[in-house]
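Here's the structure, in structure tokens; my notes come after.
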Amino acid sequence: MNKHFIKLCALVALCTPIYGCLDSSLNDDPDKVHVSRLAQDNLYGTYLTTLQRNVVAEDQNDFQLTEDLFGNMYAGYYAGTQSWEGGYNATTYVFPDGWKDRPFSVAYTKVMSNWQQLRLKTDSSSVLFAVGEVVKVEAMHKTTDIYGPIPYTRFGLQTPVPYDSQKDVYMRFFTELDHAIGVLTAFDRLNPSAKPLSNFDLIYGSDLKKWIRFANSLKLRLAIRCHKAYDGAQALAEAAVNNDYGVIEENEDNAVMQTVGALSFTYNNPFYNIYSTEGYNEDRMGASMDAYLNGFSDPRLSKFFAPAIDGQYRGMRNGMRNGKNFQGNEKLSAPTITRSTPYVWMNAAEMWLLRAEGALLGWNMGGTAKDLYEEGVRTSLAQHGLSDSADNYLASNNTPSAYAGMRGLPAADAPSDITPAWDDNATDAKKLERIITQKWIAIYPLGQEAWSEFRRTGYPKLFPVVDNFSNGKVNTNIQVRRVPFPASEYIGNKAEVEKAVQLLGGEDTGGTSLWWDKQ
């Protein structure tokens, strides 16, 4: 189905008069802002709304297999109280076809399909195109960070659609973000009070200044992610931070999917039905979260999780064949997410902590690693109404706790001796661990992002899975690095996916590292 859908999009483009200019549209002068395009934007703005609604799939079945059972589990946020596929599933490093196909299917049938229609119907110098471009990058960087090479730069332009190397995908991301920043900046300077997309924008209500900051922030996120693999990352990161609009610094600028009354849109957080007893009842706090949050006496613990029946906060080890033995167990802590909890795509704390990492590398991030780190922690605590606890927390020398184990869950030593308090005398490796550990907490529950950060840095130190059924394809201690290419692609797009394996540079398994994954 995936191949046929991608072919259809390609044929639509080939039969459309503007096909010839699509691939070169990013070369348009960003100062050529057409206010006259606003009427057209109002005509086609629903494509933006649909794009936004699929960055994080609202459908709970899609959400389960695009966000939860990969990123959330691999990041150590949650553990599964199920025995999917008889225990042989992605949490135990076996990848059933239906599991590894879903993120790809959602990306192309619900994100790229709507992007294809939007770009066919709008001009690349329009505000609608530019915001849609940013939203597309936000969605598709998760897809490439799951698989590695993906069809991207030629999507909708030819058939069969070739895969791009992950490096080429990232380079296109940066080009697209720069293009969007240019268009939005030019429009905002000429029309500082305008809200041209107010009928369609579910994230910022058409506040273009916030969209520019978000685009810069996404650019910073991706530049830091690939800095070990790409020499130009420093220049990109510094340009994002030092742009006139800058990156997100305040929680009021966080990118949030939420209920919007003016648009008659009610957002239901799809994760609620994944963990709740009203739904699948299948996620509980992960043992790694247990170790860090309890060990640190972290004030965010009660914001993230509910206490177990004994009043304690307890998690479980991940990757268990017999996980169903713990389904609904009252001795484990459940998340506090409700149906109406907004889903945060990106927050200010992440940006401060990314800048702290950049400063540690010697980049111009607008402050020292220590100051940026501490601002990141303070901003995260403020996001959850805990500003008063910041001073004590940042002075704390508490360390993660050991995992006690329970009912067949093996105990484990403390994963690390890291503390919240900064240590100027620590090695750079220890400083990086401190920064990433706090970022891991601050961006919860963005498991896909947390898994990517763990893969590229090795931090925070996470408990390994209990059961590894990969037959040696995934190292238990190094942990899973990617999801194999979809089975449907081997059936319907075999020649191109086989080329993609060559671009990957290793076997098509969960143990092969991505382009930016350089330890």
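We label chains A, B, ... in the order they appear in the structure tokens, count residues from 1 in each chain, and number ligands from 1 in the order shown.
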Legend entry - All alpha helix (DSSP H) positions in stretch 155-283 of chain A, as number ranges by chain: A: 166-190, 208-225, 233-242, 272-275
Legend entry - DSSP-assigned strand (DSSP E or B) members of stretch 291-483 of chain A, reported as a VMD selection string: chain A and resid 305 316 335 343 to 346 403 406 409 412
I need the residues from that last selection saved to file as a JSON list (two decimals), in the first residue's frame (with C-alpha atoms), if you can.
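Done, and the output landed in out-v3.json:
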[["chain", "number", "residue", "atom", "x", "y", "z"],
["A", 305, "PHE", "CA", 3.16, 9.92, 37.62],
["A", 316, "MET", "CA", 9.02, -1.71, 36.08],
["A", 335, "PRO", "CA", 1.15, 8.39, 34.11],
["A", 343, "TYR", "CA", 0.76, 17.53, 23.75],
["A", 344, "VAL", "CA", 3.95, 19.58, 23.75],
["A", 345, "TRP", "CA", 6.01, 19.25, 20.56],
["A", 346, "MET", "CA", 8.88, 21.29, 21.98],
["A", 403, "TYR", "CA", 16.07, -0.60, 41.30],
["A", 406, "MET", "CA", 9.57, -7.07, 42.30],
["A", 409, "LEU", "CA", 11.40, -8.09, 37.77],
["A", 412, "ALA", "CA", 19.51, -3.52, 39.19]]
Legend entry - Counting only C-alpha atoms, the option among A:Thr175, A:Arg213, A:Val111, A:Phe129 closest to A:Phe155: A:Val111
Just the residues within 6 Å of stretch 271-282 of chain A, please, counting only C-alpha atoms, with nothing from its chain fewer than 2 positions along; format it as a tab-separated table (two decimals) with N, CA and C atoms, in the first residue's frame.
chain	number	residue	atom	x	y	z
A	80	GLY	N	6.08	-1.75	29.26
A	80	GLY	CA	4.82	-2.29	28.78
A	80	GLY	C	4.28	-3.41	29.64
A	81	THR	N	3.04	-3.28	30.06
A	81	THR	CA	2.39	-4.33	30.85
A	81	THR	C	1.56	-5.22	29.94
A	82	GLN	N	2.18	-5.65	28.86
A	82	GLN	CA	1.53	-6.55	27.91
A	82	GLN	C	2.56	-7.55	27.41
A	269	ASN	N	-5.77	13.87	23.95
A	269	ASN	CA	-4.43	13.29	23.99
A	269	ASN	C	-4.53	11.78	23.79
A	338	THR	N	-4.07	13.08	31.02
A	338	THR	CA	-5.51	12.93	30.84
A	338	THR	C	-5.87	13.15	29.37
A	339	ARG	N	-7.13	12.97	29.06
A	339	ARG	CA	-7.57	13.20	27.68
A	339	ARG	C	-7.29	14.63	27.23
Legend entry - Within 10 Å of stretch 67-70 of chain A using only C-alpha atoms, minus same-chain residues under 3 positions, as a VMD selection string: chain A and resid 56 to 57 60 to 64 73 to 75 77 to 80 89 to 91 99 to 100 103 142 146 271 274 283 445 to 449 451 480 482 to 483
Inset, instruction - With a distance cut-off of 12 Å and only C-alpha atoms, select the neighbouring residues of stretch 505-508 of chain A, excluding the residue or stretch itself and same-chain residues fewer than 2 positions from it, and output the selection as a count of residues only. - result: 30
Any idea what's packed within 12 Å of A:Lys370, counting only C-alpha atoms, ignoring anything in its chain fewer than 3 positions away? Could you give it as a PDB file with all heavy atoms, in the first residue's frame?
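Here's the written file result-v3.pdb:
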ATOM      1  N   TRP A 352      17.178  25.627  26.164  1.00  0.00           N
ATOM      2  CA  TRP A 352      18.260  26.038  27.071  1.00  0.00           C
ATOM      3  C   TRP A 352      19.288  24.927  27.233  1.00  0.00           C
ATOM      4  O   TRP A 352      20.500  25.186  27.261  1.00  0.00           O
ATOM      5  CB  TRP A 352      17.672  26.407  28.426  1.00  0.00           C
ATOM      6  CG  TRP A 352      16.911  27.696  28.459  1.00  0.00           C
ATOM      7  CD1 TRP A 352      15.573  27.862  28.630  1.00  0.00           C
ATOM      8  CD2 TRP A 352      17.455  29.022  28.305  1.00  0.00           C
ATOM      9  NE1 TRP A 352      15.235  29.186  28.590  1.00  0.00           N
ATOM     10  CE2 TRP A 352      16.364  29.924  28.395  1.00  0.00           C
ATOM     11  CE3 TRP A 352      18.736  29.525  28.100  1.00  0.00           C
ATOM     12  CZ2 TRP A 352      16.542  31.308  28.298  1.00  0.00           C
ATOM     13  CZ3 TRP A 352      18.903  30.901  27.992  1.00  0.00           C
ATOM     14  CH2 TRP A 352      17.826  31.776  28.093  1.00  0.00           C
ATOM     15  N   LEU A 353      18.817  23.687  27.307  1.00  0.00           N
ATOM     16  CA  LEU A 353      19.745  22.571  27.524  1.00  0.00           C
ATOM     17  C   LEU A 353      20.508  22.213  26.253  1.00  0.00           C
ATOM     18  O   LEU A 353      21.670  21.793  26.316  1.00  0.00           O
ATOM     19  CB  LEU A 353      18.974  21.377  28.091  1.00  0.00           C
ATOM     20  CG  LEU A 353      18.449  21.646  29.510  1.00  0.00           C
ATOM     21  CD1 LEU A 353      17.348  20.663  29.896  1.00  0.00           C
ATOM     22  CD2 LEU A 353      19.575  21.605  30.533  1.00  0.00           C
ATOM     23  N   ARG A 355      21.416  24.524  24.166  1.00  0.00           N
ATOM     24  CA  ARG A 355      22.418  25.589  24.154  1.00  0.00           C
ATOM     25  C   ARG A 355      23.530  25.300  25.159  1.00  0.00           C
ATOM     26  O   ARG A 355      24.710  25.620  24.906  1.00  0.00           O
ATOM     27  CB  ARG A 355      21.740  26.929  24.452  1.00  0.00           C
ATOM     28  CG  ARG A 355      20.827  27.389  23.328  1.00  0.00           C
ATOM     29  CD  ARG A 355      19.922  28.536  23.728  1.00  0.00           C
ATOM     30  NE  ARG A 355      20.671  29.756  23.995  1.00  0.00           N
ATOM     31  CZ  ARG A 355      20.106  30.905  24.360  1.00  0.00           C
ATOM     32  NH1 ARG A 355      18.778  30.975  24.495  1.00  0.00           N
ATOM     33  NH2 ARG A 355      20.851  31.973  24.574  1.00  0.00           N
ATOM     34  N   ALA A 356      23.191  24.687  26.285  1.00  0.00           N
ATOM     35  CA  ALA A 356      24.226  24.299  27.250  1.00  0.00           C
ATOM     36  C   ALA A 356      25.188  23.305  26.634  1.00  0.00           C
ATOM     37  O   ALA A 356      26.414  23.407  26.809  1.00  0.00           O
ATOM     38  CB  ALA A 356      23.569  23.706  28.501  1.00  0.00           C
ATOM     39  N   GLU A 357      24.649  22.348  25.884  1.00  0.00           N
ATOM     40  CA  GLU A 357      25.516  21.383  25.213  1.00  0.00           C
ATOM     41  C   GLU A 357      26.384  22.072  24.172  1.00  0.00           C
ATOM     42  O   GLU A 357      27.583  21.784  24.045  1.00  0.00           O
ATOM     43  CB  GLU A 357      24.678  20.283  24.558  1.00  0.00           C
ATOM     44  CG  GLU A 357      25.528  19.237  23.869  1.00  0.00           C
ATOM     45  CD  GLU A 357      24.728  18.115  23.250  1.00  0.00           C
ATOM     46  OE1 GLU A 357      23.498  18.047  23.481  1.00  0.00           O
ATOM     47  OE2 GLU A 357      25.334  17.293  22.521  1.00  0.00           O
ATOM     48  N   GLY A 358      25.776  22.996  23.403  1.00  0.00           N
ATOM     49  CA  GLY A 358      26.563  23.738  22.421  1.00  0.00           C
ATOM     50  C   GLY A 358      27.675  24.539  23.073  1.00  0.00           C
ATOM     51  O   GLY A 358      28.814  24.575  22.578  1.00  0.00           O
ATOM     52  N   ALA A 359      27.384  25.185  24.190  1.00  0.00           N
ATOM     53  CA  ALA A 359      28.411  25.951  24.908  1.00  0.00           C
ATOM     54  C   ALA A 359      29.527  25.041  25.399  1.00  0.00           C
ATOM     55  O   ALA A 359      30.704  25.427  25.385  1.00  0.00           O
ATOM     56  CB  ALA A 359      27.775  26.688  26.081  1.00  0.00           C
ATOM     57  N   LEU A 360      29.164  23.830  25.806  1.00  0.00           N
ATOM     58  CA  LEU A 360      30.176  22.859  26.234  1.00  0.00           C
ATOM     59  C   LEU A 360      31.116  22.514  25.083  1.00  0.00           C
ATOM     60  O   LEU A 360      32.298  22.220  25.295  1.00  0.00           O
ATOM     61  CB  LEU A 360      29.476  21.599  26.760  1.00  0.00           C
ATOM     62  CG  LEU A 360      30.342  20.547  27.455  1.00  0.00           C
ATOM     63  CD1 LEU A 360      30.971  21.100  28.728  1.00  0.00           C
ATOM     64  CD2 LEU A 360      29.500  19.308  27.785  1.00  0.00           C
ATOM     65  N   MET A 365      26.588  30.222  22.163  1.00  0.00           N
ATOM     66  CA  MET A 365      25.208  29.926  22.504  1.00  0.00           C
ATOM     67  C   MET A 365      24.606  30.973  23.435  1.00  0.00           C
ATOM     68  O   MET A 365      23.520  30.786  23.972  1.00  0.00           O
ATOM     69  CB  MET A 365      25.108  28.543  23.154  1.00  0.00           C
ATOM     70  CG  MET A 365      25.468  27.381  22.241  1.00  0.00           C
ATOM     71  SD  MET A 365      24.194  26.987  21.006  1.00  0.00           S
ATOM     72  CE  MET A 365      24.911  27.697  19.529  1.00  0.00           C
ATOM     73  N   GLY A 366      25.326  32.071  23.669  1.00  0.00           N
ATOM     74  CA  GLY A 366      24.785  33.145  24.487  1.00  0.00           C
ATOM     75  C   GLY A 366      24.934  32.951  25.968  1.00  0.00           C
ATOM     76  O   GLY A 366      24.189  33.560  26.754  1.00  0.00           O
ATOM     77  N   GLY A 367      25.903  32.147  26.388  1.00  0.00           N
ATOM     78  CA  GLY A 367      26.130  31.938  27.814  1.00  0.00           C
ATOM     79  C   GLY A 367      27.066  30.781  28.050  1.00  0.00           C
ATOM     80  O   GLY A 367      27.499  30.102  27.109  1.00  0.00           O
ATOM     81  N   TYR A 373      22.599  25.549  31.429  1.00  0.00           N
ATOM     82  CA  TYR A 373      22.081  24.336  32.063  1.00  0.00           C
ATOM     83  C   TYR A 373      21.110  24.688  33.188  1.00  0.00           C
ATOM     84  O   TYR A 373      19.987  24.161  33.261  1.00  0.00           O
ATOM     85  CB  TYR A 373      23.243  23.501  32.603  1.00  0.00           C
ATOM     86  CG  TYR A 373      22.844  22.424  33.583  1.00  0.00           C
ATOM     87  CD1 TYR A 373      22.343  21.202  33.137  1.00  0.00           C
ATOM     88  CD2 TYR A 373      22.976  22.627  34.962  1.00  0.00           C
ATOM     89  CE1 TYR A 373      21.978  20.213  34.048  1.00  0.00           C
ATOM     90  CE2 TYR A 373      22.623  21.637  35.869  1.00  0.00           C
ATOM     91  CZ  TYR A 373      22.110  20.433  35.413  1.00  0.00           C
ATOM     92  OH  TYR A 373      21.747  19.460  36.306  1.00  0.00           O
ATOM     93  N   GLU A 374      21.525  25.574  34.052  1.00  0.00           N
ATOM     94  CA  GLU A 374      20.689  25.913  35.197  1.00  0.00           C
ATOM     95  C   GLU A 374      19.414  26.629  34.764  1.00  0.00           C
ATOM     96  O   GLU A 374      18.348  26.424  35.353  1.00  0.00           O
ATOM     97  CB  GLU A 374      21.487  26.739  36.203  1.00  0.00           C
ATOM     98  CG  GLU A 374      22.588  25.913  36.879  1.00  0.00           C
ATOM     99  CD  GLU A 374      23.345  26.655  37.962  1.00  0.00           C
ATOM    100  OE1 GLU A 374      23.226  27.899  38.037  1.00  0.00           O
ATOM    101  OE2 GLU A 374      24.054  25.985  38.752  1.00  0.00           O
ATOM    102  N   GLU A 375      19.512  27.448  33.709  1.00  0.00           N
ATOM    103  CA  GLU A 375      18.307  28.103  33.188  1.00  0.00           C
ATOM    104  C   GLU A 375      17.351  27.062  32.605  1.00  0.00           C
ATOM    105  O   GLU A 375      16.122  27.191  32.731  1.00  0.00           O
ATOM    106  CB  GLU A 375      18.676  29.136  32.133  1.00  0.00           C
ATOM    107  CG  GLU A 375      17.512  30.004  31.684  1.00  0.00           C
ATOM    108  CD  GLU A 375      16.922  30.843  32.809  1.00  0.00           C
ATOM    109  OE1 GLU A 375      17.682  31.274  33.706  1.00  0.00           O
ATOM    110  OE2 GLU A 375      15.689  31.059  32.804  1.00  0.00           O
ATOM    111  N   GLY A 376      17.901  26.038  31.985  1.00  0.00           N
ATOM    112  CA  GLY A 376      17.061  24.971  31.452  1.00  0.00           C
ATOM    113  C   GLY A 376      16.301  24.236  32.535  1.00  0.00           C
ATOM    114  O   GLY A 376      15.106  23.953  32.400  1.00  0.00           O
ATOM    115  N   VAL A 377      16.987  23.921  33.627  1.00  0.00           N
ATOM    116  CA  VAL A 377      16.326  23.221  34.736  1.00  0.00           C
ATOM    117  C   VAL A 377      15.264  24.126  35.362  1.00  0.00           C
ATOM    118  O   VAL A 377      14.144  23.687  35.654  1.00  0.00           O
ATOM    119  CB  VAL A 377      17.364  22.771  35.778  1.00  0.00           C
ATOM    120  CG1 VAL A 377      16.672  22.160  36.995  1.00  0.00           C
ATOM    121  CG2 VAL A 377      18.328  21.751  35.167  1.00  0.00           C
ATOM    122  N   LEU A 394      18.821  22.519  42.244  1.00  0.00           N
ATOM    123  CA  LEU A 394      20.090  22.761  41.561  1.00  0.00           C
ATOM    124  C   LEU A 394      21.291  22.678  42.494  1.00  0.00           C
ATOM    125  O   LEU A 394      22.430  22.608  42.025  1.00  0.00           O
ATOM    126  CB  LEU A 394      20.056  24.119  40.872  1.00  0.00           C
ATOM    127  CG  LEU A 394      19.217  24.161  39.591  1.00  0.00           C
ATOM    128  CD1 LEU A 394      18.973  25.586  39.142  1.00  0.00           C
ATOM    129  CD2 LEU A 394      19.893  23.352  38.478  1.00  0.00           C
ATOM    130  N   PRO A 420      21.954  16.513  40.160  1.00  0.00           N
ATOM    131  CA  PRO A 420      21.435  17.747  39.551  1.00  0.00           C
ATOM    132  C   PRO A 420      22.414  18.918  39.672  1.00  0.00           C
ATOM    133  O   PRO A 420      22.461  19.776  38.790  1.00  0.00           O
ATOM    134  CB  PRO A 420      20.151  18.024  40.342  1.00  0.00           C
ATOM    135  CG  PRO A 420      19.740  16.694  40.883  1.00  0.00           C
ATOM    136  CD  PRO A 420      21.040  15.995  41.191  1.00  0.00           C
ATOM    137  N   ALA A 421      23.181  18.984  40.751  1.00  0.00           N
ATOM    138  CA  ALA A 421      24.094  20.111  40.972  1.00  0.00           C
ATOM    139  C   ALA A 421      25.211  20.107  39.940  1.00  0.00           C
ATOM    140  O   ALA A 421      25.830  19.067  39.674  1.00  0.00           O
ATOM    141  CB  ALA A 421      24.665  20.052  42.381  1.00  0.00           C
ATOM    142  N   TRP A 422      25.502  21.267  39.374  1.00  0.00           N
ATOM    143  CA  TRP A 422      26.587  21.410  38.410  1.00  0.00           C
ATOM    144  C   TRP A 422      27.927  21.267  39.109  1.00  0.00           C
ATOM    145  O   TRP A 422      28.096  21.661  40.271  1.00  0.00           O
ATOM    146  CB  TRP A 422      26.505  22.769  37.729  1.00  0.00           C
ATOM    147  CG  TRP A 422      27.492  22.948  36.620  1.00  0.00           C
ATOM    148  CD1 TRP A 422      28.701  23.570  36.688  1.00  0.00           C
ATOM    149  CD2 TRP A 422      27.352  22.478  35.267  1.00  0.00           C
ATOM    150  NE1 TRP A 422      29.332  23.524  35.462  1.00  0.00           N
ATOM    151  CE2 TRP A 422      28.529  22.858  34.571  1.00  0.00           C
ATOM    152  CE3 TRP A 422      26.361  21.781  34.587  1.00  0.00           C
ATOM    153  CZ2 TRP A 422      28.715  22.566  33.218  1.00  0.00           C
ATOM    154  CZ3 TRP A 422      26.552  21.490  33.248  1.00  0.00           C
ATOM    155  CH2 TRP A 422      27.714  21.878  32.575  1.00  0.00           C
ATOM    156  N   ASP A 423      28.901  20.712  38.406  1.00  0.00           N
ATOM    157  CA  ASP A 423      30.244  20.555  38.946  1.00  0.00           C
ATOM    158  C   ASP A 423      31.235  21.081  37.915  1.00  0.00           C
ATOM    159  O   ASP A 423      31.480  20.449  36.891  1.00  0.00           O
ATOM    160  CB  ASP A 423      30.524  19.085  39.257  1.00  0.00           C
ATOM    161  CG  ASP A 423      31.916  18.845  39.824  1.00  0.00           C
ATOM    162  OD1 ASP A 423      32.663  19.830  40.020  1.00  0.00           O
ATOM    163  OD2 ASP A 423      32.264  17.669  40.061  1.00  0.00           O
ATOM    164  N   ASP A 424      31.797  22.261  38.197  1.00  0.00           N
ATOM    165  CA  ASP A 424      32.746  22.860  37.248  1.00  0.00           C
ATOM    166  C   ASP A 424      34.006  22.023  37.076  1.00  0.00           C
ATOM    167  O   ASP A 424      34.700  22.153  36.062  1.00  0.00           O
ATOM    168  CB  ASP A 424      33.138  24.263  37.723  1.00  0.00           C
ATOM    169  CG  ASP A 424      32.188  25.327  37.181  1.00  0.00           C
ATOM    170  OD1 ASP A 424      31.688  25.156  36.048  1.00  0.00           O
ATOM    171  OD2 ASP A 424      31.934  26.302  37.898  1.00  0.00           O
ATOM    172  N   ASN A 425      34.321  21.183  38.036  1.00  0.00           N
ATOM    173  CA  ASN A 425      35.541  20.384  37.987  1.00  0.00           C
ATOM    174  C   ASN A 425      35.333  19.032  37.299  1.00  0.00           C
ATOM    175  O   ASN A 425      36.281  18.268  37.157  1.00  0.00           O
ATOM    176  CB  ASN A 425      36.080  20.162  39.399  1.00  0.00           C
ATOM    177  CG  ASN A 425      36.501  21.470  40.055  1.00  0.00           C
ATOM    178  OD1 ASN A 425      37.121  22.322  39.419  1.00  0.00           O
ATOM    179  ND2 ASN A 425      36.151  21.642  41.330  1.00  0.00           N
ATOM    180  N   ALA A 426      34.105  18.745  36.906  1.00  0.00           N
ATOM    181  CA  ALA A 426      33.820  17.468  36.252  1.00  0.00           C
ATOM    182  C   ALA A 426      34.401  17.449  34.839  1.00  0.00           C
ATOM    183  O   ALA A 426      34.695  18.489  34.241  1.00  0.00           O
ATOM    184  CB  ALA A 426      32.314  17.239  36.193  1.00  0.00           C
ATOM    185  N   ASP A 428      34.259  16.862  30.741  1.00  0.00           N
ATOM    186  CA  ASP A 428      33.239  17.247  29.776  1.00  0.00           C
ATOM    187  C   ASP A 428      32.214  16.135  29.583  1.00  0.00           C
ATOM    188  O   ASP A 428      31.023  16.404  29.363  1.00  0.00           O
ATOM    189  CB  ASP A 428      33.884  17.603  28.437  1.00  0.00           C
ATOM    190  CG  ASP A 428      34.499  18.992  28.442  1.00  0.00           C
ATOM    191  OD1 ASP A 428      34.332  19.726  29.439  1.00  0.00           O
ATOM    192  OD2 ASP A 428      35.154  19.349  27.435  1.00  0.00           O
ATOM    193  N   LYS A 431      29.843  16.423  32.419  1.00  0.00           N
ATOM    194  CA  LYS A 431      28.980  17.594  32.222  1.00  0.00           C
ATOM    195  C   LYS A 431      27.912  17.308  31.173  1.00  0.00           C
ATOM    196  O   LYS A 431      26.746  17.701  31.339  1.00  0.00           O
ATOM    197  CB  LYS A 431      29.823  18.800  31.820  1.00  0.00           C
ATOM    198  CG  LYS A 431      30.713  19.339  32.939  1.00  0.00           C
ATOM    199  CD  LYS A 431      31.618  20.463  32.434  1.00  0.00           C
ATOM    200  CE  LYS A 431      32.530  20.979  33.549  1.00  0.00           C
ATOM    201  NZ  LYS A 431      33.481  22.004  33.040  1.00  0.00           N
ATOM    202  N   LEU A 432      28.301  16.631  30.091  1.00  0.00           N
ATOM    203  CA  LEU A 432      27.331  16.281  29.060  1.00  0.00           C
ATOM    204  C   LEU A 432      26.273  15.332  29.634  1.00  0.00           C
ATOM    205  O   LEU A 432      25.076  15.499  29.357  1.00  0.00           O
ATOM    206  CB  LEU A 432      28.023  15.630  27.867  1.00  0.00           C
ATOM    207  CG  LEU A 432      27.099  15.181  26.736  1.00  0.00           C
ATOM    208  CD1 LEU A 432      26.345  16.374  26.136  1.00  0.00           C
ATOM    209  CD2 LEU A 432      27.883  14.437  25.646  1.00  0.00           C
ATOM    210  N   ARG A 434      25.217  15.199  32.628  1.00  0.00           N
ATOM    211  CA  ARG A 434      24.327  15.996  33.480  1.00  0.00           C
ATOM    212  C   ARG A 434      23.312  16.767  32.623  1.00  0.00           C
ATOM    213  O   ARG A 434      22.115  16.801  32.923  1.00  0.00           O
ATOM    214  CB  ARG A 434      25.167  16.954  34.334  1.00  0.00           C
ATOM    215  CG  ARG A 434      24.378  17.792  35.316  1.00  0.00           C
ATOM    216  CD  ARG A 434      25.316  18.522  36.273  1.00  0.00           C
ATOM    217  NE  ARG A 434      25.779  17.639  37.334  1.00  0.00           N
ATOM    218  CZ  ARG A 434      27.005  17.124  37.429  1.00  0.00           C
ATOM    219  NH1 ARG A 434      27.928  17.427  36.519  1.00  0.00           N
ATOM    220  NH2 ARG A 434      27.322  16.318  38.416  1.00  0.00           N
ATOM    221  N   ILE A 435      23.786  17.380  31.547  1.00  0.00           N
ATOM    222  CA  ILE A 435      22.902  18.145  30.661  1.00  0.00           C
ATOM    223  C   ILE A 435      21.842  17.243  30.023  1.00  0.00           C
ATOM    224  O   ILE A 435      20.643  17.558  30.030  1.00  0.00           O
ATOM    225  CB  ILE A 435      23.732  18.850  29.568  1.00  0.00           C
ATOM    226  CG1 ILE A 435      24.600  19.954  30.181  1.00  0.00           C
ATOM    227  CG2 ILE A 435      22.819  19.428  28.482  1.00  0.00           C
ATOM    228  CD1 ILE A 435      25.658  20.499  29.244  1.00  0.00           C
TER     229      ILE A 435
END
Inset, instruction - Pick out the closest residue to A:Asp168 from this set: A:Gln234, A:Ser452, A:Thr153, A:Asn54. Count only C-alpha atoms. - result: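 The answer is A:Thr153, which sits nearest to A:Asp168.
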